[in-house]
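J.: Data: query32.txt, compact mmCIF, C-alpha atoms (C1' of nucleotides).
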```
# COMPACT_ATOMS: atom_id res chain seq x y z
CA MET A 9 146.66 154.46 128.95
CA ASP A 10 143.80 152.48 127.50
CA PRO A 11 143.77 152.94 123.71
CA GLY A 12 139.99 153.19 123.83
CA ALA A 13 140.12 156.16 126.16
CA VAL A 14 142.76 157.84 123.98
CA LEU A 15 140.67 157.37 120.88
CA LEU A 16 137.53 158.61 122.56
CA SER A 17 139.23 161.71 123.91
CA ARG A 18 141.00 162.73 120.70
CA PRO A 19 139.21 161.22 117.67
CA ASP A 20 140.29 164.21 115.57
CA ASN A 21 144.00 163.76 116.32
CA PRO A 22 145.24 161.05 113.96
CA GLU A 23 148.63 160.87 115.62
CA VAL A 24 147.06 159.32 118.72
CA ALA A 25 143.77 158.03 117.29
CA LEU A 26 145.17 155.89 114.44
CA PRO A 27 147.59 153.88 116.60
CA ALA A 28 144.90 153.57 119.31
CA LEU A 29 142.36 152.27 116.81
CA TYR A 30 144.88 149.74 115.58
CA GLU A 31 145.70 148.56 119.09
CA ARG A 32 142.06 148.03 119.91
CA LEU A 33 141.27 146.07 116.76
CA HIS A 34 144.45 144.03 116.86
CA ALA A 35 143.87 143.09 120.50
CA TYR A 36 140.37 141.95 119.60
CA TRP A 37 140.98 140.01 116.36
CA GLY A 38 144.66 139.08 116.48
CA ASN A 39 146.68 138.49 113.31
CA LEU A 40 144.42 138.03 110.29
CA GLY A 41 147.15 137.27 107.72
CA TRP A 42 145.26 138.77 104.93
CA TRP A 43 144.05 138.90 101.40
CA PRO A 44 142.32 135.65 100.66
CA ALA A 45 144.30 134.50 97.63
CA GLU A 46 146.96 131.92 96.84
CA SER A 47 149.21 134.01 94.59
CA PRO A 48 149.98 137.60 93.67
CA PHE A 49 148.17 137.18 90.36
CA GLU A 50 145.07 135.91 92.15
CA VAL A 51 145.23 139.00 94.36
CA ILE A 52 145.18 141.22 91.29
CA VAL A 53 142.26 139.39 89.71
CA GLY A 54 140.38 139.55 93.00
CA ALA A 55 141.11 143.24 93.39
CA ILE A 56 139.50 143.98 90.04
CA LEU A 57 136.58 141.60 90.53
CA THR A 58 135.69 142.93 93.98
CA GLN A 59 135.03 146.48 92.80
CA ASN A 60 131.69 147.44 94.40
CA THR A 61 130.90 143.75 94.80
CA ALA A 62 130.43 141.33 97.71
CA TRP A 63 133.48 139.12 98.19
CA GLN A 64 131.33 136.01 98.23
CA ASN A 65 130.47 136.65 94.57
CA VAL A 66 134.14 137.21 93.73
CA GLU A 67 134.99 133.81 95.21
CA LYS A 68 132.55 132.11 92.85
CA ALA A 69 134.20 133.78 89.89
CA VAL A 70 137.75 132.98 91.04
CA THR A 71 136.73 129.37 91.69
CA ALA A 72 135.43 129.15 88.13
CA LEU A 73 138.71 130.51 86.75
CA LYS A 74 140.61 127.89 88.75
CA ARG A 75 138.27 125.14 87.59
CA GLU A 76 138.94 126.20 83.99
CA ALA A 77 142.66 126.44 84.74
CA VAL A 78 142.95 129.94 83.34
CA LEU A 79 144.13 131.84 86.41
CA SER A 80 147.40 133.05 84.90
CA PRO A 81 148.43 136.01 82.74
CA ALA A 82 149.13 133.88 79.68
CA ARG A 83 145.87 131.96 79.84
CA ILE A 84 143.76 135.07 80.28
CA ARG A 85 145.69 136.78 77.49
CA ASP A 86 144.78 133.93 75.15
CA LEU A 87 141.13 133.86 76.16
CA SER A 88 138.38 135.65 74.30
CA GLU A 89 136.85 138.46 76.30
CA ASP A 90 133.40 136.90 75.87
CA ARG A 91 134.45 133.56 77.34
CA LEU A 92 136.23 135.26 80.22
CA ALA A 93 133.09 137.29 80.87
CA GLU A 94 130.94 134.16 81.11
CA TRP A 95 133.27 132.56 83.65
CA ILE A 96 133.38 135.60 85.91
CA ARG A 97 129.64 136.21 85.63
CA PRO A 98 128.89 135.63 89.36
CA ALA A 99 131.10 138.61 90.25
CA GLY A 100 128.67 141.02 88.61
CA TYR A 101 129.46 143.78 86.05
CA TYR A 102 130.95 140.84 84.24
CA ARG A 103 131.37 142.34 80.75
CA LEU A 104 132.96 145.43 82.26
CA LYS A 105 135.27 143.41 84.48
CA ALA A 106 136.29 141.09 81.64
CA ARG A 107 137.37 144.20 79.74
CA ARG A 108 139.25 145.49 82.78
CA LEU A 109 141.08 142.20 83.34
CA LYS A 110 142.05 142.18 79.68
CA ALA A 111 143.25 145.77 79.95
CA PHE A 112 145.50 144.87 82.87
CA ILE A 113 146.89 141.82 81.04
CA ARG A 114 147.68 143.93 77.98
CA PHE A 115 149.44 146.42 80.23
CA LEU A 116 151.41 143.62 81.90
CA TYR A 117 152.60 142.21 78.57
CA GLU A 118 153.30 145.51 76.86
CA ARG A 119 155.44 146.90 79.65
CA TYR A 120 156.74 143.90 81.60
CA ALA A 121 156.64 140.95 79.20
CA GLY A 122 153.79 139.45 81.21
CA ASN A 123 156.04 139.10 84.25
CA LEU A 124 154.71 140.30 87.63
CA ASP A 125 158.17 140.29 89.22
CA ARG A 126 159.37 142.73 86.60
CA MET A 127 156.32 144.88 87.18
CA PHE A 128 156.93 145.03 90.92
CA ALA A 129 160.61 145.79 90.36
CA GLN A 130 159.47 149.22 89.19
CA PRO A 131 159.77 151.98 91.81
CA THR A 132 156.51 152.01 93.76
CA GLU A 133 155.45 155.55 92.97
CA ARG A 134 156.08 155.11 89.25
CA LEU A 135 154.25 151.79 89.25
CA ARG A 136 151.28 153.33 91.03
CA GLU A 137 151.01 156.00 88.34
CA ALA A 138 151.31 153.34 85.65
CA LEU A 139 148.58 151.19 87.21
CA LEU A 140 146.28 154.20 87.47
CA SER A 141 146.66 154.73 83.72
CA VAL A 142 145.07 151.32 83.05
CA ASN A 143 141.37 151.58 82.29
CA GLY A 144 139.49 150.04 85.19
CA ILE A 145 142.23 150.47 87.80
CA GLY A 146 141.53 153.31 90.20
CA PRO A 147 143.18 154.27 93.51
CA GLU A 148 141.86 151.43 95.65
CA THR A 149 142.55 148.72 93.08
CA ALA A 150 146.04 150.08 92.39
CA ASP A 151 146.88 150.25 96.08
CA SER A 152 145.48 146.78 96.76
CA ILE A 153 147.73 145.43 94.03
CA LEU A 154 150.77 147.27 95.40
CA LEU A 155 150.21 146.23 99.02
CA TYR A 156 148.71 142.76 98.81
CA ALA A 157 150.31 141.44 95.62
CA GLY A 158 153.55 143.44 95.70
CA GLU A 159 154.06 143.86 99.45
CA LYS A 160 154.77 147.55 99.00
CA PRO A 161 154.12 149.88 101.98
CA VAL A 162 151.05 151.58 100.49
CA PHE A 163 147.90 152.01 102.59
CA VAL A 164 144.65 150.81 101.01
CA VAL A 165 141.56 152.91 101.63
CA ASP A 166 138.16 151.36 100.99
CA ALA A 167 134.51 151.86 101.89
CA TYR A 168 134.95 150.18 105.27
CA THR A 169 137.98 152.30 106.13
CA LYS A 170 136.05 155.47 105.46
CA ARG A 171 132.85 154.31 107.14
CA ILE A 172 134.56 153.26 110.36
CA LEU A 173 136.61 156.45 110.64
CA CYS A 174 133.52 158.56 109.89
CA ARG A 175 131.40 156.80 112.49
CA HIS A 176 134.02 157.49 115.12
CA GLY A 177 134.36 161.15 114.31
CA MET A 178 137.90 160.85 113.00
CA ILE A 179 137.23 162.33 109.55
CA PRO A 180 134.48 164.39 107.91
CA GLU A 181 131.85 162.67 105.77
CA ASP A 182 133.27 164.15 102.56
CA ALA A 183 136.94 163.20 103.10
CA ASP A 184 138.43 161.99 99.81
CA TYR A 185 140.78 159.10 99.02
CA PRO A 186 144.12 160.98 99.09
CA THR A 187 143.19 162.62 102.38
CA LEU A 188 142.40 159.32 104.08
CA GLN A 189 145.43 157.59 102.66
CA GLY A 190 147.60 160.53 103.68
CA LEU A 191 146.44 160.23 107.29
CA PHE A 192 147.49 156.61 107.58
CA MET A 193 150.74 157.08 105.71
CA ARG A 194 151.82 160.20 107.60
CA TYR A 195 151.09 158.94 111.09
CA LEU A 196 152.12 155.30 110.84
CA PRO A 197 155.49 153.73 110.02
CA ALA A 198 155.65 152.81 106.32
CA GLU A 199 155.71 149.04 106.75
CA ALA A 200 153.81 146.70 104.44
CA PRO A 201 152.97 144.11 107.12
CA LEU A 202 151.47 146.83 109.34
CA PHE A 203 149.43 148.36 106.50
CA ASN A 204 148.30 144.87 105.47
CA GLN A 205 147.11 143.97 108.96
CA TYR A 206 145.55 147.37 109.65
CA HIS A 207 143.45 147.34 106.50
CA ALA A 208 142.52 143.71 107.10
CA LEU A 209 141.33 144.61 110.60
CA LEU A 210 139.20 147.45 109.24
CA VAL A 211 137.59 145.31 106.54
CA HIS A 212 136.97 142.39 108.88
CA THR A 213 135.45 144.69 111.49
CA GLY A 214 133.39 146.42 108.84
CA LYS A 215 132.03 143.19 107.40
CA THR A 216 131.12 141.88 110.82
CA PHE A 217 129.79 144.96 112.59
CA CYS A 218 129.66 148.02 110.35
CA ARG A 219 127.75 147.58 107.10
CA LYS A 220 125.86 150.42 105.48
CA LYS A 221 122.98 149.61 107.77
CA PRO A 222 124.82 149.81 111.10
CA LEU A 223 125.09 146.60 113.08
CA CYS A 224 127.15 148.04 115.91
CA ALA A 225 126.15 145.55 118.60
CA GLY A 226 129.19 143.65 119.79
CA CYS A 227 131.69 145.71 117.79
CA PRO A 228 135.00 146.02 119.64
CA LEU A 229 134.89 149.76 118.85
CA GLU A 230 131.35 150.32 120.05
CA PRO A 231 132.32 151.60 123.54
CA LEU A 232 134.45 154.25 121.82
CA VAL A 233 131.56 156.07 120.19
CA GLY A 234 130.86 159.18 122.21
CA PRO A 235 127.39 160.41 123.17
CA GLY A 236 125.66 162.07 120.24
CA GLU A 237 128.15 160.71 117.73
CA ALA A 238 126.50 160.01 114.41
CA ARG A 239 126.21 156.36 113.50
C1' DC B 15 109.98 142.99 97.65
C1' DA B 16 113.95 146.53 98.41
C1' DC B 17 118.51 147.17 99.61
C1' DC B 18 123.34 146.27 99.70
C1' DA B 19 128.25 144.81 98.36
C1' DG B 20 136.25 145.65 99.71
C1' DG B 21 134.86 151.12 92.48
C1' DC B 22 135.59 153.22 88.35
C1' DA B 23 134.89 155.77 84.14
C1' DA B 24 132.16 158.42 81.14
C1' DG B 25 128.75 161.72 80.46
C1' DT B 26 126.46 166.22 81.52
C1' DA B 27 126.08 171.16 82.79
C1' DT C 10 135.04 171.54 88.59
C1' DA C 11 130.98 169.08 90.54
C1' DC C 12 127.38 165.98 90.03
C1' DT C 13 125.03 161.95 87.82
C1' DT C 14 124.68 157.51 85.66
C1' DG C 15 125.87 152.74 83.95
C1' DC C 16 127.63 148.55 85.10
C1' DA C 17 124.97 143.19 87.27
C1' DT C 18 125.09 139.21 90.22
C1' DG C 19 123.74 137.03 94.55
C1' DG C 20 122.81 137.38 99.64
C1' DT C 21 119.80 139.31 103.42
```
Any chance you could put this one into structure tokens?
T.:
Amino acid sequence: MDPGAVLLSRPDNPEVALPALYERLHAYWGNLGWWPAESPFEVIVGAILTQNTAWQNVEKAVTALKREAVLSPARIRDLSEDRLAEWIRPAGYYRLKARRLKAFIRFLYERYAGNLDRMFAQPTERLREALLSVNGIGPETADSILLYAGEKPVFVVDAYTKRILCRHGMIPEDADYPTLQGLFMRYLPAEAPLFNQYHALLVHTGKTFCRKKPLCAGCPLEPLVGPGEAR
DNA sequence: CACCAGGCAAGTA
DNA sequence: TACTTGCATGGT
């Protein structure tokens, strides 16, 4: 059966709707091979810098850190917070984010001797709790680190994920983070490559067709929105 | 010009 | 517990 028809007929049944949504997006975009970064540490820096911020601005900041050759735990540890802040300025909230990057680096050195491999050797659930205890790391940032830097099977929920599911009547407007994450993790096999690709598909679709001001025209999901469905 | 972008924490009642 | 506010740059 056509995944589109399945999704349209049962948007409220995640067991059929979530795999159908994936099939439709994957057929349209193909493999995205995601998180635009060259190393796990760059993923982590990007995850913090992109909080409520356009990715384009994050790229400027990351480029500056590369230009200054400070994109490593040790170099950021040895940097003054003020200098770090100036270099990441294009990412916005730059004083706040400099503090948050420093907080993560302190955490990394205090618990794992500055070594990401040691950090990721921690059991995933324990590591998630530990990351959430760092000031400036919330659920989405923690899960992005676990999935995209650590390749752990943890589903990342973000604004696009929620917006797309809302627009298609799959969740209520007020669904919270654990609820959304629980949906994906209960009804899909716990495989990091699948979670990686699924989230990438949602973000890519969201950026292209589903911003806060809807730009639905041409969206591969557009035919799935039923009559009268809020958008 | 106004509005938006891959959140999070701290403050208030 | 349930809201509200601060954080800030750059693109549309």
J.: I need the contact residues of chain A against chain B, so if you could list those with any atom within 12 Å, counting all atoms listed in the file, and return them as JSON, numbers by chain, that would help.
T.: {"A": [43, 44, 54, 55, 56, 57, 58, 59, 60, 61, 62, 63, 64, 65, 66, 99, 100, 101, 104, 105, 108, 140, 141, 142, 143, 144, 145, 146, 147, 148, 149, 150, 152, 164, 165, 166, 167, 168, 169, 170, 171, 185, 207, 208, 210, 211, 212, 213, 214, 215, 219, 220, 221]}
J.: Using all atoms listed in the file, tabulate the residues of chain C lying at most 8 Å from any atom of chain A, each with its closest atom pair and that distance in Å to one decimal, by chain and increasing residue number, as a Markdown table.
T.:
```
| residue | atom | partner | partner_atom | distance |
| --- | --- | --- | --- | --- |
| C:DC16 | C1' | A:Tyr101 | CA | 5.2 |
| C:DA17 | C1' | A:Gly100 | CA | 4.5 |
| C:DT18 | C1' | A:Gly100 | CA | 4.3 |
| C:DG19 | C1' | A:Asn65 | CA | 6.7 |
```
J.: How far is it from CA of Leu139 in chain A to CA of Leu209 in chain A, in Å with one decimal?
T.: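 These two atoms are separated by 25.4 Å.
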J.: Considering all atoms listed in the file, return as a PyMOL selection string whatever protein or nucleic-acid residues lie within 9 Å of range 122-136 of chain A, sequence-local ones (same chain, fewer than 2 positions apart) excluded.
T.: chain A and resi 48-49+81-82+113-120+138-141+147+150-151+154+157-158+160-162
J.: Could you write out the selected residues, including C-alpha atoms, as a CSV table (one decimal), in the coordinates of the input?
T.:
```csv
chain,number,residue,atom,x,y,z
A,48,PRO,CA,150.0,137.6,93.7
A,49,PHE,CA,148.2,137.2,90.4
A,81,PRO,CA,148.4,136.0,82.7
A,82,ALA,CA,149.1,133.9,79.7
A,113,ILE,CA,146.9,141.8,81.0
A,114,ARG,CA,147.7,143.9,78.0
A,115,PHE,CA,149.4,146.4,80.2
A,116,LEU,CA,151.4,143.6,81.9
A,117,TYR,CA,152.6,142.2,78.6
A,118,GLU,CA,153.3,145.5,76.9
A,119,ARG,CA,155.4,146.9,79.6
A,120,TYR,CA,156.7,143.9,81.6
A,138,ALA,CA,151.3,153.3,85.6
A,139,LEU,CA,148.6,151.2,87.2
A,140,LEU,CA,146.3,154.2,87.5
A,141,SER,CA,146.7,154.7,83.7
A,147,PRO,CA,143.2,154.3,93.5
A,150,ALA,CA,146.0,150.1,92.4
A,151,ASP,CA,146.9,150.2,96.1
A,154,LEU,CA,150.8,147.3,95.4
A,157,ALA,CA,150.3,141.4,95.6
A,158,GLY,CA,153.6,143.4,95.7
A,160,LYS,CA,154.8,147.6,99.0
A,161,PRO,CA,154.1,149.9,102.0
A,162,VAL,CA,151.0,151.6,100.5
```
J.: So how many Å separate CA of Glu94 in chain A and CA of Ala106 in chain A, to one decimal?
T.: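 Calculated distance between CA of Glu94 in chain A and CA of Ala106 in chain A is 8.8 Å.
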J.: Need the axis-aligned box for range 28-42 of chain A with 5 Å each side, so what are the centre and edges in Å to one decimal, as AutoDock Vina command-line options?
T.:
```
--center_x 143.8 --center_y 145.4 --center_z 112.7 --size_x 16.8 --size_y 26.3 --size_z 25.6
```
J.: Which distance in Å separates CA of Pro19 in chain A and CA of Gln205 in chain A, to one decimal?
T.: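 If I compute the distance from CA of Pro19 in chain A to CA of Gln205 in chain A, I get 20.9 Å.
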